[in-house]
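Beneath this line is the structure, given in structure tokens, with notes to follow.
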Amino acid sequence: MDWNGREIGAGEAFTGRVFVADDMTEVANKGASFIGCTFRDVRFNASAHGDAEFAGCTFVNCDFFDATFERCRFTGSRFEACRYGLLRAEGGDWSSVDLAKADLSGCSLRGVRLREAELGGARFVDGAVRDCDLSGARMDRAVFDNCDLRGSDLSAMDPRSTRLNGAVIDPRQAMELVGALGLRIRDH
């Protein structure tokens, strides 16, 4: 189906639908709801989503180049072999999402709730994960090289199993990471 440039909004709900090779490029989604849907080979390029819901959805081989998600809910959704170049997310609930091995390099996540998310092996190189709730997230083998992590909850991060080369953190996070390494700080 060609959704290219279409506007969808609150009151439009899709449950258990399968979308294959749909073109959602430049869609303006203002509050539509997708529950338990499957998106396979769907293009979300340059689309804008605000207050939309994608709960319990599966995304396989989808393109999210330059897509924007503001205050969206992705709770329990799973992403496989997707491309995310320049994706931006502000606010919203992405708790329990599965982004294992996702390459989110250059993407920006700000104020997103990622509680108990599966981020194992994910790459956030040269991106931003600012003011995000990562409590309980699984981040083994995740790569945050040159990523701005300031303000995010890193309490679940094990710096021994996560790459942080050149990452930017704030003083509170530095203390958390030092503690996670088992180090003690003393004045004299």
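Numbering starts fresh at 1 for the residues of each chain in the structure tokens, the chains themselves are lettered A, B, ... in the order given, and ligands are numbered from 1 as they appear.
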
Can you list, as an mmCIF file with N, CA, C and O atoms, in the first residue's frame, every residue of chain A that DSSP puts in helix (DSSP H, G or I)?
data_model
loop_
_atom_site.group_PDB
_atom_site.id
_atom_site.type_symbol
_atom_site.label_atom_id
_atom_site.label_comp_id
_atom_site.auth_asym_id
_atom_site.auth_seq_id
_atom_site.Cartn_x
_atom_site.Cartn_y
_atom_site.Cartn_z
ATOM 1 N N PRO A 171 28.887 14.210 35.647
ATOM 2 C CA PRO A 171 29.562 13.756 36.882
ATOM 3 C C PRO A 171 28.803 12.667 37.648
ATOM 4 O O PRO A 171 29.421 11.732 38.170
ATOM 5 N N ARG A 172 27.486 12.745 37.720
ATOM 6 C CA ARG A 172 26.707 11.714 38.420
ATOM 7 C C ARG A 172 26.901 10.361 37.749
ATOM 8 O O ARG A 172 27.103 9.335 38.411
ATOM 9 N N GLN A 173 26.873 10.339 36.424
ATOM 10 C CA GLN A 173 27.067 9.089 35.697
ATOM 11 C C GLN A 173 28.488 8.554 35.905
ATOM 12 O O GLN A 173 28.682 7.338 35.997
ATOM 13 N N ALA A 174 29.449 9.459 35.967
ATOM 14 C CA ALA A 174 30.831 9.034 36.202
ATOM 15 C C ALA A 174 30.921 8.284 37.526
ATOM 16 O O ALA A 174 31.581 7.240 37.619
ATOM 17 N N MET A 175 30.255 8.794 38.547
ATOM 18 C CA MET A 175 30.256 8.127 39.849
ATOM 19 C C MET A 175 29.599 6.747 39.758
ATOM 20 O O MET A 175 30.084 5.781 40.347
ATOM 21 N N GLU A 176 28.485 6.644 39.011
ATOM 22 C CA GLU A 176 27.815 5.348 38.840
ATOM 23 C C GLU A 176 28.745 4.342 38.168
ATOM 24 O O GLU A 176 28.825 3.185 38.571
ATOM 25 N N LEU A 177 29.429 4.773 37.118
ATOM 26 C CA LEU A 177 30.304 3.869 36.374
ATOM 27 C C LEU A 177 31.525 3.459 37.197
ATOM 28 O O LEU A 177 31.961 2.312 37.131
ATOM 29 N N VAL A 178 32.052 4.396 37.961
ATOM 30 C CA VAL A 178 33.172 4.069 38.845
ATOM 31 C C VAL A 178 32.720 3.003 39.852
ATOM 32 O O VAL A 178 33.419 2.023 40.090
ATOM 33 N N GLY A 179 31.535 3.188 40.415
ATOM 34 C CA GLY A 179 30.995 2.199 41.351
ATOM 35 C C GLY A 179 30.771 0.845 40.690
ATOM 36 O O GLY A 179 31.038 -0.202 41.283
ATOM 37 N N ALA A 180 30.297 0.857 39.439
ATOM 38 C CA ALA A 180 30.056 -0.394 38.714
ATOM 39 C C ALA A 180 31.358 -1.148 38.446
ATOM 40 O O ALA A 180 31.363 -2.376 38.329
#

Task: Residues near A:Ala137, cut-off 9 Å, only C-alpha atoms, skip fewer than 6 positions along chain, as a PyMOL selection string - done: chain A and resi 95-96+114-120+154+156-157

- [ ] Excluding stretch 69-73 of chain A and residues on its chain fewer than 6 positions from it, collect all residues at most 9 Å away from it, counting only C-alpha atoms, and give them as an NGL selection string.
- [x] :A and (31 or 47-55 or 87-95 or 112)

Would you mind exporting N, CA and C atoms of the selected residues as a PDB file, in the first residue's frame?
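Resulting contents of again18.pdb:
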ATOM      1  N   GLY A  31      -1.106  10.563  15.984  1.00  0.00           N
ATOM      2  CA  GLY A  31      -1.832   9.846  17.020  1.00  0.00           C
ATOM      3  C   GLY A  31      -2.489   8.544  16.597  1.00  0.00           C
ATOM      4  N   SER A  47       9.329  10.281   7.663  1.00  0.00           N
ATOM      5  CA  SER A  47       7.979  10.358   8.236  1.00  0.00           C
ATOM      6  C   SER A  47       8.047  11.019   9.611  1.00  0.00           C
ATOM      7  N   ALA A  48       6.909  11.578  10.044  1.00  0.00           N
ATOM      8  CA  ALA A  48       6.829  12.244  11.351  1.00  0.00           C
ATOM      9  C   ALA A  48       5.661  11.649  12.122  1.00  0.00           C
ATOM     10  N   HIS A  49       5.952  11.204  13.345  1.00  0.00           N
ATOM     11  CA  HIS A  49       4.947  10.548  14.182  1.00  0.00           C
ATOM     12  C   HIS A  49       4.882  11.261  15.527  1.00  0.00           C
ATOM     13  N   GLY A  50       3.711  11.706  15.905  1.00  0.00           N
ATOM     14  CA  GLY A  50       3.536  12.359  17.195  1.00  0.00           C
ATOM     15  C   GLY A  50       2.398  11.720  17.958  1.00  0.00           C
ATOM     16  N   ASP A  51       2.648  11.370  19.216  1.00  0.00           N
ATOM     17  CA  ASP A  51       1.637  10.773  20.085  1.00  0.00           C
ATOM     18  C   ASP A  51       1.024   9.515  19.475  1.00  0.00           C
ATOM     19  N   ALA A  52       1.801   8.793  18.680  1.00  0.00           N
ATOM     20  CA  ALA A  52       1.329   7.565  18.033  1.00  0.00           C
ATOM     21  C   ALA A  52       1.708   6.359  18.889  1.00  0.00           C
ATOM     22  N   GLU A  53       1.056   5.242  18.608  1.00  0.00           N
ATOM     23  CA  GLU A  53       1.315   4.025  19.356  1.00  0.00           C
ATOM     24  C   GLU A  53       1.653   2.885  18.400  1.00  0.00           C
ATOM     25  N   PHE A  54       2.745   2.179  18.709  1.00  0.00           N
ATOM     26  CA  PHE A  54       3.189   0.995  17.975  1.00  0.00           C
ATOM     27  C   PHE A  54       3.475  -0.098  19.013  1.00  0.00           C
ATOM     28  N   ALA A  55       2.506  -0.453  19.812  1.00  0.00           N
ATOM     29  CA  ALA A  55       2.722  -1.380  20.925  1.00  0.00           C
ATOM     30  C   ALA A  55       2.700  -2.824  20.456  1.00  0.00           C
ATOM     31  N   LEU A  87      17.486   8.724  12.529  1.00  0.00           N
ATOM     32  CA  LEU A  87      16.234   8.638  13.276  1.00  0.00           C
ATOM     33  C   LEU A  87      16.310   9.546  14.500  1.00  0.00           C
ATOM     34  N   ARG A  88      15.196  10.198  14.837  1.00  0.00           N
ATOM     35  CA  ARG A  88      15.098  11.047  16.023  1.00  0.00           C
ATOM     36  C   ARG A  88      13.863  10.638  16.825  1.00  0.00           C
ATOM     37  N   ALA A  89      14.066  10.470  18.130  1.00  0.00           N
ATOM     38  CA  ALA A  89      12.945  10.170  19.019  1.00  0.00           C
ATOM     39  C   ALA A  89      13.035  11.104  20.217  1.00  0.00           C
ATOM     40  N   GLU A  90      11.924  11.740  20.541  1.00  0.00           N
ATOM     41  CA  GLU A  90      11.854  12.621  21.709  1.00  0.00           C
ATOM     42  C   GLU A  90      10.683  12.194  22.565  1.00  0.00           C
ATOM     43  N   GLY A  91      10.979  11.905  23.828  1.00  0.00           N
ATOM     44  CA  GLY A  91       9.925  11.472  24.736  1.00  0.00           C
ATOM     45  C   GLY A  91       9.358  10.127  24.293  1.00  0.00           C
ATOM     46  N   GLY A  92       8.353   9.698  24.982  1.00  0.00           N
ATOM     47  CA  GLY A  92       7.702   8.449  24.620  1.00  0.00           C
ATOM     48  C   GLY A  92       8.184   7.271  25.445  1.00  0.00           C
ATOM     49  N   ASP A  93       7.487   6.165  25.285  1.00  0.00           N
ATOM     50  CA  ASP A  93       7.761   4.957  26.052  1.00  0.00           C
ATOM     51  C   ASP A  93       8.158   3.824  25.110  1.00  0.00           C
ATOM     52  N   TRP A  94       9.413   3.453  25.166  1.00  0.00           N
ATOM     53  CA  TRP A  94       9.957   2.354  24.375  1.00  0.00           C
ATOM     54  C   TRP A  94      10.380   1.222  25.312  1.00  0.00           C
ATOM     55  N   SER A  95       9.703   1.089  26.427  1.00  0.00           N
ATOM     56  CA  SER A  95      10.035   0.050  27.402  1.00  0.00           C
ATOM     57  C   SER A  95       9.894  -1.332  26.783  1.00  0.00           C
ATOM     58  N   VAL A 112      13.590   9.498  26.192  1.00  0.00           N
ATOM     59  CA  VAL A 112      12.838   8.290  25.863  1.00  0.00           C
ATOM     60  C   VAL A 112      12.946   7.291  27.017  1.00  0.00           C
TER      61      VAL A 112
END

Open item on the list: Quick check for you: according to DSSP on this backbone, which residues of stretch 6-183 of chain A are classed as strand (DSSP E or B)? Reply as a PyMOL selection string.
Closed with: chain A and resi 7-9+13-15+18-20+23+28-30+33-35+38-40+43+48-50+53-55+58-60+63+68-70+73+78-80+83+88-90+93+98+103+108-110+113+118+123+128-130+133+138+143+148+153+163+168

Report the closest atom pair, with its distance in Å rounded to one decimal, for each residue of stretch 37-110 of chain A that has an atom no farther than 9 Å from stretch 126-131 of chain A; count only C-alpha atoms, sort by chain and then rising residue number, and write it as a tab-separated table.
residue	atom	partner	partner_atom	distance
A:Leu86	CA	A:Gly127	CA	8.9
A:Leu104	CA	A:Gly127	CA	7.4
A:Ser105	CA	A:Gly127	CA	5.6
A:Gly106	CA	A:Gly127	CA	4.2
A:Cys107	CA	A:Gly127	CA	5.0
A:Ser108	CA	A:Ala128	CA	4.6
A:Leu109	CA	A:Val129	CA	4.8
A:Arg110	CA	A:Arg130	CA	4.7

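Using only C-alpha atoms for every distance, the candidate list A:Ala67, A:Ile35, A:Val97, A:Val125 yields A:Val97 as the residue closest to A:Arg113.
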
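With distances taken over only C-alpha atoms, A:Asp103 is the one residue among A:Asp103, A:Asp133, A:Asp66, A:Asp187 lying closest to A:Glu80.
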
Task: Shell of 12 Å around A:Ser161, only C-alpha atoms, local chain residues under 6 positions omitted, as a ChimeraX atom specification - done: /A:120-121,138-144,177,180-181

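In terms of minimum interatomic distance to A:Arg78, A:Thr38 ranks closest within A:Ser33, A:Asn45, A:Ser152, A:Thr38, counting only C-alpha atoms.
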
Task: atom CA of A:Gly151 to atom CA of A:Ser135, distance in Å rounded to a single decimal - done: 12.4 Å

- [ ] Compile the contact shell of A:Met24 as an MDAnalysis selection string: residues with an atom at most 7 Å away, counting only C-alpha atoms, same-chain residues fewer than 2 positions apart removed.
- [x] chainID A and resid 2:4 22 26:27 42:44 47

Task: Residues within 8 Å of A:Cys37, only C-alpha atoms, excluding chain neighbours under 2 positions, as a ChimeraX atom specification - done: /A:14-19,34-35,39,54,56-58

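Between atom CA of A:Gly111 and atom CA of A:Cys132 the separation is 4.6 Å.
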
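In this comparison, which uses only C-alpha atoms, the residue of A:Ala122, A:Ile185, A:Cys82, A:Ile8 approaching A:Arg163 most closely is A:Ala122.
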
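As for atom CA of A:Ala21 and atom CA of A:Cys62, they are spaced 8.6 Å apart.
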
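Between A:Lys30 and the residues A:Phe124, A:Glu7, A:Ala13, A:Arg150, the shortest atom-to-atom distance, using only C-alpha atoms, involves A:Glu7.
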